[in-house]
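Report on the structure given below.
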Number of protein chains: 2
Amino acid sequence: MKAQFMTMQLSEFELIKTYFSPLSEQTEGAFNLTDDAAVLEVPVEQSLVVTTDTLVEGIHFLSEDGPKDIAAKLLRVSLSDLAAMGAMPAYYSLAIAVTPFMSVEWFKEFSQNLAADQAEFGITLIGGDTVSTSGPLTLSLTAMGFVKTGTALRRSGACIGDDIWVSGSIGDSALGLKVAKGEFDSLAAENKDYLLSRYRRPLPRTSLGQELINNVHSVIDVSDGLVADLGHICKTSDVGAKILMGKIPLSVAGKEAIAIKPRSIDLILSGGDDYELLFTADSTFQKLSKIISERTNVSLTKIGTIIKTKSVCVLDLNGKRYPVSKAGYTHF
Amino acid sequence: MKAQFMTMQLSEFELIKTYFSPLSEQTEGAFNLTDDAAVLEVPVEQSLVVTTDTLVEGIHFLSEDGPKDIAAKLLRVSLSDLAAMGAMPAYYSLAIAVTPFMSVEWFKEFSQNLAADQAEFGITLIGGDTVSTSGPLTLSLTAMGFVKTGTALRRSGACIGDDIWVSGSIGDSALGLKVAKGEFDSLAAENKDYLLSRYRRPLPRTSLGQELINNVHSVIDVSDGLVADLGHICKTSDVGAKILMGKIPLSVAGKEAIAIKPRSIDLILSGGDDYELLFTADSTFQKLSKIISERTNVSLTKIGTIIKTKSVCVLDLNGKRYPVSKAGYTHF
């Protein structure tokens, strides 16, 4: 790990030694972040799954978000990508461009949250880079995981007639961002808290992803938005999709938000940052879904069908085509 | 690969499709950058070597530097880290935080240079993230390579009595930065060009690194500065070092710069960004050094000795201890 900046209170090397090296302790080949690179082992007959995500202050998180939530979002967004491939998390490297006058306390809380998530998801820090920037705080994380060679889940592979499934509930994160910005003031307090938590701390579906291996045809994690990400599956699979608005799983808090402001349905369809898994499978998955749902403690809901016509069609409660707003987000 | 911003001329997806997907074509598991992550193979009995480097406009490169030089520096700095471990380059992921109004032409030149370097060094793009930022252009690259398991070169391992060796010439990059800033106006034109080129386009010692495997005790690439990086070797190896200023290899241009401004010797010792390999070996390496130097077309120079006293000591032409300036950079 490199170190190229000074804070007001700690040298860069002290910072790495105090807050980041301990996060690498469990991986011998990370060399306590003291060498030019990490040397890692990949188990035999396993492929390496690699994904990179970048968060910029003011764009991907709010300036007032705390270091714990930033750490959680950064790592969990990448874990969600690994989950979408069916991979087991293993290693990550972390690049931080630090703004002037960030406090030691910030790094303490940031690294504490990383440590907690490392324990929860079975992943360890193996290297990175710390640099200074005049601009917004910018963090980039490259996560690595393993999947048995030849079994990785893919976006392509959806077949005409497949059922379309989604995990958990959709729209909570986008609604949570609205709550963070002061909207939905009349929501019940516990519902506000729930939506905020879904916005701030994604729940990567790591176990679910691994359970889907060999059982489904295509998978993506919902980050751009339900309709847009379904579009990605359709585009790479050369098919189309029809989903029923009434089937989209909503949380209790999501339902209350829709009741207050019915047009929020657009946030459900296009808001993104859900980090649920969206996948397609043939009808035999129906039976399996109950077992997997129980085993992973994640609800699974069938929301539509893969069709031949190459577009994503959303049908409202009256069976009429719903005009999806923010169509630019769908790229399809 | 993700895409989360718009330029004035191209959508983010068009940008990835036009300029970045072609860079991933040779690696099937990159899926043309259309999936959530890449799925990569690591050859049997090989370990994966991983390094991350981040460049920020105004800090690691000048605002007036062109996209080709930025691309070269970004990729080659990481390649130098792989070289220092003896690794063969394989894959890289790329995260770019793009400022408003960057032109299509910029991305065209940036990607053209990456393509050229991919061919030269045998590495391919496998994924990444493109996001927008209000702040300085920020680029982070994670490079991956392979090394036969158990043979990776390390910073630790230097033994008392080892000779200290360095490849190529030292100080050119730091002098090149001065030239870029308008200093050393009286230097011969071809020497200015040479120093500028060493500053803008590092020469990672990829082949040399692989040749050093099993033949040397410790290795680092010179990025923080000759004395500082020798300090890193000493610290991780729990030894000290003595080097002779008169033995440090200088280029023709470097010698002219020193003649013009003798105090520039401090830049040679502490300037950094040389991306040469600094290593220690026992006396049997002397004979081997000629063979390896011929095979890799890189000069190798013996500049000192590993000693018991735990400090880095530089002796001047009169055999007196030279007070190294910028001691803060040595972290030792």
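Ordering of the structure tokens sets the chain letters (A, B, ...); residue numbers start at 1 within each chain; ligands are numbered from 1 in the order shown.
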
Problem set entry | DSSP strand (DSSP E) residues within stretch 1-79 of chain B, as a PyMOL selection string | chain B and resi 2-3+38-40+46-56

For this session: Can you check which residues of chain B have any atom within 6 Å of chain A? Use only C-alpha atoms and format it as number ranges by chain.
Result: B: 36-41, 47-53, 81, 128-129, 135-136

For this session: Find, counting only C-alpha atoms, the residue in A:Asp185, A:Asp172, A:Glu190, A:Glu211 that gets nearest to A:Gly271.
Result: A:Asp172

For this session: Just the alpha helix (DSSP H) stuff from stretch 78-215 of chain B, please, per backbone DSSP, written as a ChimeraX atom specification.
Result: /B:78-84,104-121,172-180,189-200,206-212

Exercise. Leaving out B:Gly246 and any residue of its chain fewer than 3 positions from it, which residues lie within 10 Å of it when counting only C-alpha atoms, given as a list in words?
Worked result: Ile243, Pro249, Leu250, Ile303, Val314, Leu315, Asp316, Leu317, Asn318 and Gly319 of chain B

Problem set entry | Atomic separation - atom CA of B:Asp117 relative to atom CA of B:Ser24, Å | 13.1 Å

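Note that atom CA of B:Thr206 and atom CA of B:Gly171 are 19.6 Å apart.
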